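Asker: Structure file query_38.cif (mmCIF, C-alpha atoms) is given on the next line.
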data_structure
#
loop_
_atom_site.group_PDB
_atom_site.id
_atom_site.type_symbol
_atom_site.label_atom_id
_atom_site.label_comp_id
_atom_site.auth_asym_id
_atom_site.auth_seq_id
_atom_site.Cartn_x
_atom_site.Cartn_y
_atom_site.Cartn_z
ATOM 1 C CA MET Z 13 0.000 0.000 0.000
ATOM 2 C CA VAL Z 14 2.789 2.446 0.909
ATOM 3 C CA PRO Z 15 4.736 1.909 -2.365
ATOM 4 C CA SER Z 16 1.516 2.435 -4.347
ATOM 5 C CA ALA Z 17 0.838 5.664 -2.460
ATOM 6 C CA ILE Z 18 4.371 6.904 -3.183
ATOM 7 C CA VAL Z 19 4.024 6.066 -6.879
ATOM 8 C CA GLY Z 20 0.649 7.809 -6.981
ATOM 9 C CA LEU Z 21 2.080 10.917 -5.292
ATOM 10 C CA VAL Z 22 5.010 11.086 -7.721
ATOM 11 C CA ALA Z 23 2.622 10.678 -10.668
ATOM 12 C CA LEU Z 24 0.387 13.445 -9.300
ATOM 13 C CA VAL Z 25 3.327 15.846 -8.979
ATOM 14 C CA LEU Z 26 4.556 15.060 -12.491
ATOM 15 C CA VAL Z 27 1.093 15.488 -14.044
ATOM 16 C CA ALA Z 28 0.532 18.735 -12.143
ATOM 17 C CA GLY Z 29 3.918 20.040 -13.289
ATOM 18 C CA TRP Z 30 3.072 19.152 -16.903
ATOM 19 C CA LEU Z 31 -0.320 20.850 -16.665
ATOM 20 C CA ARG Z 32 1.369 24.025 -15.411
ATOM 21 C CA THR Z 33 3.224 24.238 -18.756
ATOM 22 C CA LEU Z 34 0.034 24.321 -20.851
ATOM 23 C CA PRO Z 35 -0.898 27.833 -22.075
ATOM 24 C CA GLU Z 36 -4.549 27.382 -21.081
ATOM 25 C CA VAL Z 37 -3.588 26.374 -17.555
ATOM 26 C CA VAL Z 38 -1.108 29.254 -17.285
ATOM 27 C CA THR Z 39 -3.912 31.654 -18.220
ATOM 28 C CA PHE Z 40 -6.264 29.979 -15.727
ATOM 29 C CA VAL Z 41 -3.766 30.334 -12.868
ATOM 30 C CA GLU Z 42 -3.167 33.984 -13.773
ATOM 31 C CA MET Z 43 -6.931 34.638 -13.772
ATOM 32 C CA TYR Z 44 -7.480 32.692 -10.548
ATOM 33 C CA PRO Z 45 -4.281 32.975 -8.466
ATOM 34 C CA GLY Z 46 -5.688 30.984 -5.545
ATOM 35 C CA THR Z 47 -7.222 33.623 -3.255
ATOM 36 C CA THR Z 48 -10.427 35.654 -3.203
ATOM 37 C CA PRO Z 49 -10.848 39.116 -1.651
ATOM 38 C CA LEU Z 50 -12.125 39.288 1.908
ATOM 39 C CA PRO Z 51 -15.333 41.164 2.783
ATOM 40 C CA ALA Z 52 -14.968 44.805 3.767
ATOM 41 C CA GLY Z 53 -14.087 45.145 7.421
ATOM 42 C CA ALA Z 54 -12.492 41.721 7.731
ATOM 43 C CA PRO Z 55 -9.887 41.691 10.532
ATOM 44 C CA VAL Z 56 -6.186 41.436 9.759
ATOM 45 C CA GLY Z 57 -4.008 39.089 11.741
ATOM 46 C CA ILE Z 58 -4.598 36.181 14.100
ATOM 47 C CA PRO Z 59 -5.369 37.084 17.742
ATOM 48 C CA ALA Z 60 -3.817 35.354 20.733
ATOM 49 C CA TRP Z 61 -7.061 33.583 21.682
ATOM 50 C CA LEU Z 62 -7.019 31.779 18.342
ATOM 51 C CA GLY Z 63 -3.590 30.428 19.227
ATOM 52 C CA TRP Z 64 -5.056 28.942 22.402
ATOM 53 C CA GLN Z 65 -7.853 27.485 20.305
ATOM 54 C CA HIS Z 66 -5.308 25.805 18.033
ATOM 55 C CA PHE Z 67 -3.711 24.112 21.036
ATOM 56 C CA LEU Z 68 -6.932 23.138 22.817
ATOM 57 C CA ASN Z 69 -8.583 21.760 19.671
ATOM 58 C CA PHE Z 70 -5.484 19.702 18.883
ATOM 59 C CA PHE Z 71 -5.182 18.525 22.496
ATOM 60 C CA PHE Z 72 -8.805 17.405 22.814
ATOM 61 C CA LEU Z 73 -8.829 15.796 19.352
ATOM 62 C CA VAL Z 74 -5.776 13.736 20.307
ATOM 63 C CA LEU Z 75 -7.591 12.497 23.418
ATOM 64 C CA ILE Z 76 -10.753 11.814 21.416
ATOM 65 C CA ALA Z 77 -8.830 9.855 18.780
ATOM 66 C CA ARG Z 78 -6.957 7.861 21.425
ATOM 67 C CA THR Z 79 -10.077 6.941 23.394
ATOM 68 C CA ALA Z 80 -12.020 6.169 20.211
ATOM 69 C CA TRP Z 81 -9.300 3.743 19.162
ATOM 70 C CA SER Z 82 -9.361 2.067 22.575
ATOM 71 C CA ILE Z 83 -13.136 1.669 22.293
ATOM 72 C CA ARG Z 84 -12.871 0.159 18.801
ATOM 73 C CA SER Z 85 -10.225 -2.304 19.970
ATOM 74 C CA ASN Z 86 -13.063 -4.336 21.543
ATOM 75 C CA LYS Z 87 -10.916 -5.227 24.534
ATOM 76 C CA ARG Z 88 -12.539 -5.529 27.935
ATOM 77 C CA PRO Z 89 -12.178 -2.208 29.789
ATOM 78 C CA ASP Z 90 -9.911 -2.123 32.817
ATOM 79 C CA ALA Z 91 -12.885 -0.928 34.895
ATOM 80 C CA PHE Z 92 -16.452 0.318 34.573
ATOM 81 C CA TRP Z 93 -17.968 3.648 35.594
ATOM 82 C CA THR Z 94 -21.516 4.275 36.777
ATOM 83 C CA ARG Z 95 -22.977 7.693 37.500
ATOM 84 C CA SER Z 96 -23.539 8.100 41.225
ATOM 85 C CA ASN Z 97 -26.749 10.133 40.722
ATOM 86 C CA THR Z 98 -25.953 12.220 43.787
ATOM 87 C CA GLY Z 99 -24.435 15.304 42.185
ATOM 88 C CA LEU Z 100 -25.966 18.300 40.460
ATOM 89 C CA ILE Z 101 -27.607 16.128 37.799
ATOM 90 C CA ARG Z 102 -30.153 13.674 39.208
ATOM 91 C CA THR Z 103 -32.502 11.558 37.126
ATOM 92 C CA LYS Z 104 -35.057 8.845 37.806
ATOM 93 C CA ALA Z 105 -33.576 6.615 35.122
ATOM 94 C CA ALA Z 106 -31.217 3.914 36.269
ATOM 95 C CA PRO Z 107 -27.571 4.929 35.748
ATOM 96 C CA ARG Z 108 -25.880 3.231 32.798
ATOM 97 C CA ARG Z 109 -22.622 1.400 33.244
ATOM 98 C CA MET Z 110 -19.807 2.141 30.808
ATOM 99 C CA GLY Z 111 -16.131 1.301 30.451
ATOM 100 C CA ILE Z 112 -13.725 3.928 31.760
ATOM 101 C CA ASN Z 113 -12.370 4.373 28.214
ATOM 102 C CA VAL Z 114 -15.889 5.311 27.091
ATOM 103 C CA TRP Z 115 -16.154 7.646 30.103
ATOM 104 C CA LEU Z 116 -12.893 9.376 29.155
ATOM 105 C CA HIS Z 117 -14.032 9.621 25.527
ATOM 106 C CA LEU Z 118 -17.234 11.377 26.608
ATOM 107 C CA VAL Z 119 -15.313 13.723 28.914
ATOM 108 C CA ALA Z 120 -12.921 14.639 26.091
ATOM 109 C CA ASP Z 121 -15.915 15.110 23.778
ATOM 110 C CA ALA Z 122 -17.605 17.432 26.267
ATOM 111 C CA ALA Z 123 -14.439 19.501 26.719
ATOM 112 C CA TRP Z 124 -13.997 19.743 22.933
ATOM 113 C CA VAL Z 125 -17.619 20.836 22.480
ATOM 114 C CA LEU Z 126 -17.323 23.501 25.193
ATOM 115 C CA ASN Z 127 -14.139 24.753 23.587
ATOM 116 C CA GLY Z 128 -15.948 24.794 20.233
ATOM 117 C CA ILE Z 129 -18.731 26.932 21.677
ATOM 118 C CA VAL Z 130 -16.119 29.422 22.883
ATOM 119 C CA LEU Z 131 -14.490 29.349 19.430
ATOM 120 C CA MET Z 132 -17.773 29.980 17.609
ATOM 121 C CA THR Z 133 -18.654 32.832 19.969
ATOM 122 C CA LEU Z 134 -15.302 34.541 19.495
ATOM 123 C CA LEU Z 135 -15.283 33.996 15.722
ATOM 124 C CA PHE Z 136 -18.537 35.902 15.307
ATOM 125 C CA ALA Z 137 -17.827 38.459 18.046
ATOM 126 C CA THR Z 138 -14.506 39.504 16.491
ATOM 127 C CA GLY Z 139 -15.327 39.118 12.787
ATOM 128 C CA GLN Z 140 -12.751 36.356 12.347
ATOM 129 C CA TRP Z 141 -15.479 34.248 10.730
ATOM 130 C CA MET Z 142 -15.051 36.339 7.551
ATOM 131 C CA ARG Z 143 -11.606 34.809 7.062
ATOM 132 C CA ILE Z 144 -12.882 31.215 6.907
ATOM 133 C CA VAL Z 145 -16.346 31.504 5.315
ATOM 134 C CA PRO Z 146 -16.550 31.563 1.491
ATOM 135 C CA THR Z 147 -18.304 34.724 0.311
ATOM 136 C CA SER Z 148 -17.872 34.380 -3.478
ATOM 137 C CA TRP Z 149 -18.343 31.637 -6.073
ATOM 138 C CA ASP Z 150 -14.814 32.466 -7.247
ATOM 139 C CA ILE Z 151 -13.650 30.435 -4.257
ATOM 140 C CA PHE Z 152 -14.003 27.237 -6.328
ATOM 141 C CA PRO Z 153 -11.844 28.070 -9.394
ATOM 142 C CA ASN Z 154 -9.333 29.676 -7.044
ATOM 143 C CA ALA Z 155 -9.320 26.514 -4.924
ATOM 144 C CA ALA Z 156 -8.712 24.423 -8.056
ATOM 145 C CA SER Z 157 -5.832 26.745 -8.952
ATOM 146 C CA ALA Z 158 -4.359 26.536 -5.442
ATOM 147 C CA LEU Z 159 -4.657 22.742 -5.470
ATOM 148 C CA LEU Z 160 -2.824 22.583 -8.797
ATOM 149 C CA GLN Z 161 -0.092 24.844 -7.431
ATOM 150 C CA TYR Z 162 0.283 22.702 -4.312
ATOM 151 C CA ALA Z 163 0.392 19.509 -6.386
ATOM 152 C CA SER Z 164 3.119 20.917 -8.647
ATOM 153 C CA PHE Z 165 5.139 21.946 -5.549
ATOM 154 C CA ASP Z 166 5.012 25.567 -6.709
ATOM 155 C CA TRP Z 167 3.178 26.874 -3.638
ATOM 156 C CA PRO Z 168 0.410 29.444 -4.156
ATOM 157 C CA THR Z 169 1.474 32.960 -3.198
ATOM 158 C CA SER Z 170 -0.549 33.993 -0.178
ATOM 159 C CA ASN Z 171 -0.199 35.583 3.234
ATOM 160 C CA GLY Z 172 -2.158 33.714 5.878
ATOM 161 C CA TRP Z 173 -1.767 36.623 8.284
ATOM 162 C CA VAL Z 174 -3.975 38.712 5.982
ATOM 163 C CA ASN Z 175 -5.959 36.244 3.862
ATOM 164 C CA TYR Z 176 -5.965 32.449 3.546
ATOM 165 C CA ASN Z 177 -5.839 30.857 0.114
ATOM 166 C CA SER Z 178 -9.045 29.318 -1.193
ATOM 167 C CA ILE Z 179 -8.099 25.731 -0.308
ATOM 168 C CA GLN Z 180 -7.530 26.811 3.290
ATOM 169 C CA VAL Z 181 -10.808 28.738 3.440
ATOM 170 C CA ILE Z 182 -12.812 25.750 2.201
ATOM 171 C CA ALA Z 183 -10.962 23.324 4.495
ATOM 172 C CA TYR Z 184 -11.429 25.518 7.570
ATOM 173 C CA PHE Z 185 -15.080 26.171 6.726
ATOM 174 C CA VAL Z 186 -15.803 22.461 6.306
ATOM 175 C CA THR Z 187 -13.941 21.609 9.512
ATOM 176 C CA VAL Z 188 -15.495 24.268 11.747
ATOM 177 C CA PHE Z 189 -19.010 24.623 10.363
ATOM 178 C CA LEU Z 190 -19.756 21.180 8.888
ATOM 179 C CA ALA Z 191 -17.535 18.405 10.283
ATOM 180 C CA ALA Z 192 -17.610 19.622 13.899
ATOM 181 C CA PRO Z 193 -21.427 19.944 14.125
ATOM 182 C CA ILE Z 194 -21.834 16.531 12.452
ATOM 183 C CA ALA Z 195 -19.419 15.020 14.982
ATOM 184 C CA VAL Z 196 -21.398 16.555 17.849
ATOM 185 C CA ALA Z 197 -24.806 15.493 16.487
ATOM 186 C CA THR Z 198 -23.765 11.908 15.752
ATOM 187 C CA GLY Z 199 -21.908 11.727 19.062
ATOM 188 C CA LEU Z 200 -25.078 12.663 20.932
ATOM 189 C CA ARG Z 201 -26.930 9.848 19.156
ATOM 190 C CA LEU Z 202 -24.291 7.364 20.270
ATOM 191 C CA SER Z 203 -23.904 8.709 23.812
ATOM 192 C CA THR Z 204 -25.640 7.658 26.995
ATOM 193 C CA ALA Z 205 -27.761 10.815 26.755
ATOM 194 C CA TRP Z 206 -29.763 9.185 23.959
ATOM 195 C CA PRO Z 207 -32.929 7.410 25.210
ATOM 196 C CA LEU Z 208 -32.689 3.660 24.693
ATOM 197 C CA LYS Z 209 -36.438 3.030 24.587
ATOM 198 C CA ALA Z 210 -37.362 5.772 22.080
ATOM 199 C CA ALA Z 211 -38.465 3.393 19.302
ATOM 200 C CA ARG Z 212 -39.530 6.087 16.834
ATOM 201 C CA LEU Z 213 -36.372 8.135 17.287
ATOM 202 C CA ASN Z 214 -34.197 5.049 17.004
ATOM 203 C CA LYS Z 215 -35.951 4.145 13.769
ATOM 204 C CA ILE Z 216 -35.431 7.628 12.316
ATOM 205 C CA PHE Z 217 -31.839 7.748 13.531
ATOM 206 C CA PRO Z 218 -30.558 4.145 13.415
ATOM 207 C CA GLU Z 219 -27.362 3.561 15.324
ATOM 208 C CA ALA Z 220 -25.305 1.660 12.727
ATOM 209 C CA PRO Z 221 -25.166 4.270 9.905
ATOM 210 C CA ILE Z 222 -24.760 7.117 12.382
ATOM 211 C CA ARG Z 223 -21.854 5.305 14.024
ATOM 212 C CA TRP Z 224 -20.286 4.966 10.558
ATOM 213 C CA VAL Z 225 -20.703 8.712 9.931
ATOM 214 C CA HIS Z 226 -19.282 9.499 13.373
ATOM 215 C CA ASN Z 227 -16.193 7.372 12.720
ATOM 216 C CA ALA Z 228 -15.819 8.846 9.215
ATOM 217 C CA VAL Z 229 -15.822 12.373 10.661
ATOM 218 C CA LEU Z 230 -13.177 11.380 13.201
ATOM 219 C CA PHE Z 231 -11.091 9.967 10.345
ATOM 220 C CA TYR Z 232 -11.564 13.285 8.504
ATOM 221 C CA PHE Z 233 -10.239 15.211 11.515
ATOM 222 C CA VAL Z 234 -7.170 12.951 11.690
ATOM 223 C CA ILE Z 235 -6.423 13.379 7.960
ATOM 224 C CA PHE Z 236 -7.074 17.129 8.147
ATOM 225 C CA THR Z 237 -4.641 17.455 11.066
ATOM 226 C CA ILE Z 238 -1.904 15.478 9.280
ATOM 227 C CA VAL Z 239 -2.236 17.468 6.037
ATOM 228 C CA HIS Z 240 -2.568 20.758 7.917
ATOM 229 C CA VAL Z 241 0.582 20.214 10.003
ATOM 230 C CA THR Z 242 2.518 18.965 6.956
ATOM 231 C CA LEU Z 243 1.704 22.075 4.916
ATOM 232 C CA VAL Z 244 2.402 24.363 7.879
ATOM 233 C CA MET Z 245 5.893 22.887 8.102
ATOM 234 C CA ALA Z 246 6.495 22.806 4.334
ATOM 235 C CA THR Z 247 5.356 26.324 3.454
ATOM 236 C CA GLY Z 248 7.302 28.393 5.979
ATOM 237 C CA ALA Z 249 7.272 26.801 9.404
ATOM 238 C CA LEU Z 250 8.589 29.750 11.424
ATOM 239 C CA ARG Z 251 6.128 32.275 10.059
ATOM 240 C CA ASN Z 252 3.176 29.870 10.054
ATOM 241 C CA LEU Z 253 3.798 28.737 13.640
ATOM 242 C CA ASN Z 254 4.094 32.359 14.731
ATOM 243 C CA HIS Z 255 0.698 32.987 13.122
ATOM 244 C CA MET Z 256 -0.850 30.001 14.854
ATOM 245 C CA PHE Z 257 0.728 30.081 18.303
ATOM 246 C CA ALA Z 258 2.486 33.398 18.919
ATOM 247 C CA GLY Z 259 0.017 35.893 17.426
ATOM 248 C CA ASN Z 260 2.552 37.697 15.223
ATOM 249 C CA ASP Z 261 3.657 37.838 11.584
ATOM 250 C CA GLY Z 262 7.373 37.490 12.230
ATOM 251 C CA THR Z 263 9.921 34.750 11.686
ATOM 252 C CA SER Z 264 11.185 34.399 15.240
ATOM 253 C CA TRP Z 265 11.269 31.075 17.095
ATOM 254 C CA ALA Z 266 8.497 32.087 19.496
ATOM 255 C CA GLY Z 267 5.813 30.137 17.649
ATOM 256 C CA VAL Z 268 8.045 27.069 17.468
ATOM 257 C CA ALA Z 269 8.645 27.259 21.220
ATOM 258 C CA VAL Z 270 4.933 27.465 22.018
ATOM 259 C CA PHE Z 271 4.147 24.679 19.535
ATOM 260 C CA ALA Z 272 6.861 22.470 21.037
ATOM 261 C CA ALA Z 273 5.538 23.145 24.541
ATOM 262 C CA SER Z 274 2.018 22.185 23.425
ATOM 263 C CA LEU Z 275 3.352 18.912 22.013
ATOM 264 C CA VAL Z 276 5.182 18.186 25.266
ATOM 265 C CA VAL Z 277 2.010 18.802 27.295
ATOM 266 C CA THR Z 278 -0.001 16.560 24.958
ATOM 267 C CA VAL Z 279 2.556 13.729 25.131
ATOM 268 C CA ILE Z 280 2.791 13.969 28.939
ATOM 269 C CA VAL Z 281 -0.988 13.747 29.306
ATOM 270 C CA TRP Z 282 -1.112 10.875 26.777
ATOM 271 C CA LEU Z 283 1.469 8.900 28.758
ATOM 272 C CA ALA Z 284 -0.068 9.796 32.119
ATOM 273 C CA LEU Z 285 -3.522 8.510 31.233
ATOM 274 C CA ARG Z 286 -2.902 4.969 32.406
ATOM 275 C CA PRO Z 287 -5.877 2.864 33.559
ATOM 276 C CA LYS Z 288 -5.068 3.587 37.209
ATOM 277 C CA VAL Z 289 -5.144 7.341 36.581
ATOM 278 C CA ILE Z 290 -8.332 7.139 34.516
ATOM 279 C CA ARG Z 291 -10.002 5.116 37.284
ATOM 280 C CA TRP Z 292 -9.004 7.779 39.827
ATOM 281 C CA LEU Z 293 -10.344 10.588 37.626
ATOM 282 C CA ALA Z 294 -13.570 8.743 36.909
ATOM 283 C CA SER Z 295 -14.168 8.013 40.577
ATOM 284 C CA GLY Z 296 -14.640 11.724 41.178
ATOM 285 C CA SER Z 297 -17.923 11.714 39.269
ATOM 286 C CA GLY Z 298 -19.287 8.238 39.840
ATOM 287 C CA ASN Z 299 -18.691 4.713 41.044
ATOM 288 C CA VAL Z 300 -15.836 2.766 39.515
ATOM 289 C CA ARG Z 301 -15.744 -1.018 39.669
ATOM 290 C CA ARG Z 302 -13.508 -3.553 37.993
#
Is it possible to express this structure as structure tokens?

Answerer:
Amino acid sequence: MVPSAIVGLVALVLVAGWLRTLPEVVTFVEMYPGTTPLPAGAPVGIPAWLGWQHFLNFFFLVLIARTAWSIRSNKRPDAFWTRSNTGLIRTKAAPRRMGINVWLHLVADAAWVLNGIVLMTLLFATGQWMRIVPTSWDIFPNAASALLQYASFDWPTSNGWVNYNSIQVIAYFVTVFLAAPIAVATGLRLSTAWPLKAARLNKIFPEAPIRWVHNAVLFYFVIFTIVHVTLVMATGALRNLNHMFAGNDGTSWAGVAVFAASLVVTVIVWLALRPKVIRWLASGSGNVRR
């Protein structure tokens, strides 16, 4: 599979490079350079809070991906958690038992959703939404042009501090406004918050296809993160990391330092979340039994 992927990538680069030599394609790229103008009043630059959002979204997605994989492994959980029904939330329904890996997955989901609510609020409060929402049909030919430029390894000329290229705009729009809400909606259907005995609802929203969609969206987030990080590193790592983590348009090592620190924190938490630690955390909100 890996050799085939390498051959396919090399073929794609060669074909893209050949296409860039055709007069019609040259004219197309000149007409659609890969970016569209922003709406009037769009903010310039990336604020510090968006840097925190980059870290928190990455951090929670790593936890979500890890716990999702542990759930799909079909191994018996190290312990089981049951809501104690003595806290702020009390219901008449009998508490459901779940593995501690499922418990941690739901906790990471909840933290990611809360962080997403903060992100959405700030995006619209500060006007940053204008940078990641397509506002012209020209976004599509410009995206095709940017994709061709990426594939030919002749990167599209753009300045992410001022305006993302059209591929970025579409990718960010899909991630924030489509993939994330779908992940939340399908996650609710699969969570313990969904009523088990609601026959009509379960018929309208059957579990199997929704679980497939939920897993597909998670796979999308993983692929998006890999491609995103790869392009950040390949198209000017110092400047891009300063945009994302240091809130400036320079080429200092500040962004790299913050990014490295965020990776260290993520790795430490990943390694620390052993079954014993997860059991201890889970016991603070319910009863844990092996």

Asker: Output the residue selection produced by the PyMOL selection byres ((chain Z and resi 32-36) around 12) on the file above, formatted as a compact mmCIF listing (two decimals) with C-alpha atoms, keeping the file's coordinate frame.

Answerer:
# COMPACT_ATOMS: atom_id res chain seq x y z
CA VAL Z 25 3.33 15.85 -8.98
CA LEU Z 26 4.56 15.06 -12.49
CA VAL Z 27 1.09 15.49 -14.04
CA ALA Z 28 0.53 18.74 -12.14
CA GLY Z 29 3.92 20.04 -13.29
CA TRP Z 30 3.07 19.15 -16.90
CA LEU Z 31 -0.32 20.85 -16.66
CA VAL Z 37 -3.59 26.37 -17.56
CA VAL Z 38 -1.11 29.25 -17.28
CA THR Z 39 -3.91 31.65 -18.22
CA PHE Z 40 -6.26 29.98 -15.73
CA VAL Z 41 -3.77 30.33 -12.87
CA GLU Z 42 -3.17 33.98 -13.77
CA MET Z 43 -6.93 34.64 -13.77
CA SER Z 157 -5.83 26.74 -8.95
CA ALA Z 158 -4.36 26.54 -5.44
CA LEU Z 159 -4.66 22.74 -5.47
CA LEU Z 160 -2.82 22.58 -8.80
CA GLN Z 161 -0.09 24.84 -7.43
CA TYR Z 162 0.28 22.70 -4.31
CA ALA Z 163 0.39 19.51 -6.39
CA SER Z 164 3.12 20.92 -8.65
CA PHE Z 165 5.14 21.95 -5.55
CA ASP Z 166 5.01 25.57 -6.71

Asker: May I have the protein, DNA and RNA residues with any atom at most 9 Å from the point (-12.1, -4.2, 35.5), counting all atoms listed in the file, written as a PyMOL selection string?

Answerer: chain Z and resi 88-92+111+300-302

Asker: Would you save the residues from that selection as a PDB file, in the frame of the given file, using C-alpha atoms?

Answerer:
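result21.pdb was written with the following content:
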ATOM      1  CA  ARG Z  88     -12.539  -5.529  27.935  1.00  0.00           C
ATOM      2  CA  PRO Z  89     -12.178  -2.208  29.789  1.00  0.00           C
ATOM      3  CA  ASP Z  90      -9.911  -2.123  32.817  1.00  0.00           C
ATOM      4  CA  ALA Z  91     -12.885  -0.928  34.895  1.00  0.00           C
ATOM      5  CA  PHE Z  92     -16.452   0.318  34.573  1.00  0.00           C
ATOM      6  CA  GLY Z 111     -16.131   1.301  30.451  1.00  0.00           C
ATOM      7  CA  VAL Z 300     -15.836   2.766  39.515  1.00  0.00           C
ATOM      8  CA  ARG Z 301     -15.744  -1.018  39.669  1.00  0.00           C
ATOM      9  CA  ARG Z 302     -13.508  -3.553  37.993  1.00  0.00           C
TER      10      ARG Z 302
END

Asker: Given the file above and the PyMOL selection byres ((chain Z and resi 266) around 12), which residues are selected, and can you give them as a list in words?

Answerer: Ala249, Leu250, Arg251, Asn252, Leu253, Asn254, His255, Met256, Phe257, Ala258, Gly259, Asn260, Asp261, Gly262, Thr263, Ser264, Trp265, Gly267, Val268, Ala269, Val270, Phe271, Ala272 and Ala273 of chain Z

Asker: Can you work out the spacing between atom CA of Pro221 of chain Z and atom CA of Leu73 of chain Z in Å, to one decimal?

Answerer: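 Those two atoms sit 22.1 Å apart.
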
Asker: Exactly which residues make up the result of the PyMOL selection byres ((chain Z and resi 80) around 10) on this file, given as a PDB file with C-alpha atoms, in the frame of the given file?

Answerer:
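Result written to expr_9.pdb:
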ATOM      1  CA  VAL Z  74      -5.776  13.736  20.307  1.00  0.00           C
ATOM      2  CA  LEU Z  75      -7.591  12.497  23.418  1.00  0.00           C
ATOM      3  CA  ILE Z  76     -10.753  11.814  21.416  1.00  0.00           C
ATOM      4  CA  ALA Z  77      -8.830   9.855  18.780  1.00  0.00           C
ATOM      5  CA  ARG Z  78      -6.957   7.861  21.425  1.00  0.00           C
ATOM      6  CA  THR Z  79     -10.077   6.941  23.394  1.00  0.00           C
ATOM      7  CA  TRP Z  81      -9.300   3.743  19.162  1.00  0.00           C
ATOM      8  CA  SER Z  82      -9.361   2.067  22.575  1.00  0.00           C
ATOM      9  CA  ILE Z  83     -13.136   1.669  22.293  1.00  0.00           C
ATOM     10  CA  ARG Z  84     -12.871   0.159  18.801  1.00  0.00           C
ATOM     11  CA  SER Z  85     -10.225  -2.304  19.970  1.00  0.00           C
ATOM     12  CA  ASN Z 113     -12.370   4.373  28.214  1.00  0.00           C
ATOM     13  CA  VAL Z 114     -15.889   5.311  27.091  1.00  0.00           C
ATOM     14  CA  LEU Z 116     -12.893   9.376  29.155  1.00  0.00           C
ATOM     15  CA  HIS Z 117     -14.032   9.621  25.527  1.00  0.00           C
ATOM     16  CA  LEU Z 118     -17.234  11.377  26.608  1.00  0.00           C
ATOM     17  CA  ASN Z 227     -16.193   7.372  12.720  1.00  0.00           C
ATOM     18  CA  LEU Z 230     -13.177  11.380  13.201  1.00  0.00           C
TER      19      LEU Z 230
END

Asker: Report, in Å to a single decimal, how far apart atom CA of Ser16 of chain Z and atom CA of Ile179 of chain Z are.

Answerer: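 Between atom CA of Ile179 of chain Z and atom CA of Ser16 of chain Z the gap is 25.5 Å.
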
Asker: Report as a VMD selection string all protein, DNA and RNA residues lying within 12 Å of Ala191 of chain Z, evaluated on all atoms listed in the file, omitting residues in the same chain fewer than 5 positions from it.

Answerer: chain Z and resid 128 182 to 186 196 to 199 225 to 234 236

Asker: Would you work out the distance separating atom CA of Trp124 of chain Z from atom CA of Asn69 of chain Z, expressed in Å to one decimal?

Answerer: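 Between atom CA of Trp124 of chain Z and atom CA of Asn69 of chain Z the gap works out to 6.6 Å.
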
Asker: Would you please work out which residue, of Z:Ala211, Z:Leu190, Z:Val239, Z:Leu131, is nearest to Trp64 of chain Z when using only C-alpha atoms?

Answerer: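 Result for the nearest residue to Trp64 of chain Z: Z:Leu131.
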
Asker: Go through Z:Ile112, Z:Ala220, Z:Val279, Z:Ala246 and flag the residue nearest Lys87 of chain Z, using only C-alpha atoms for the distances.

Answerer: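 Looking at the shortest contact to Lys87 of chain Z, the residue is Z:Ile112.
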
Asker: Applying 8 Å and only C-alpha atoms, which residues near Thr94 of chain Z remain after dropping the ones on its own chain fewer than 6 positions away? List them as a list in words.

Answerer: Pro107, Arg108, Arg109, Met110, Gly298, Asn299 and Val300 of chain Z

Asker: Between Z:Arg212, Z:Pro153, Z:Ala54, Z:Phe71, which has the minimum distance to Thr278 of chain Z (counting all atoms listed in the file)?

Answerer: Z:Phe71

Asker: Can you work out which one of Z:Thr187, Z:Trp224, Z:Gly296, Z:Asn171 has the shortest atom-to-atom distance to Thr237 of chain Z, counting only C-alpha atoms?

Answerer: Z:Thr187

Asker: Give the answer as one residue: which of Z:Ala210, Z:Val130, Z:Leu243, Z:Leu283 has the shortest atom-to-atom distance to Trp167 of chain Z, using all atoms listed in the file?

Answerer: Z:Leu243

Asker: Go through Z:Pro207, Z:Pro168, Z:Gly248, Z:Gly139 and flag the residue nearest Gly57 of chain Z, using only C-alpha atoms for the distances.

Answerer: Z:Gly139
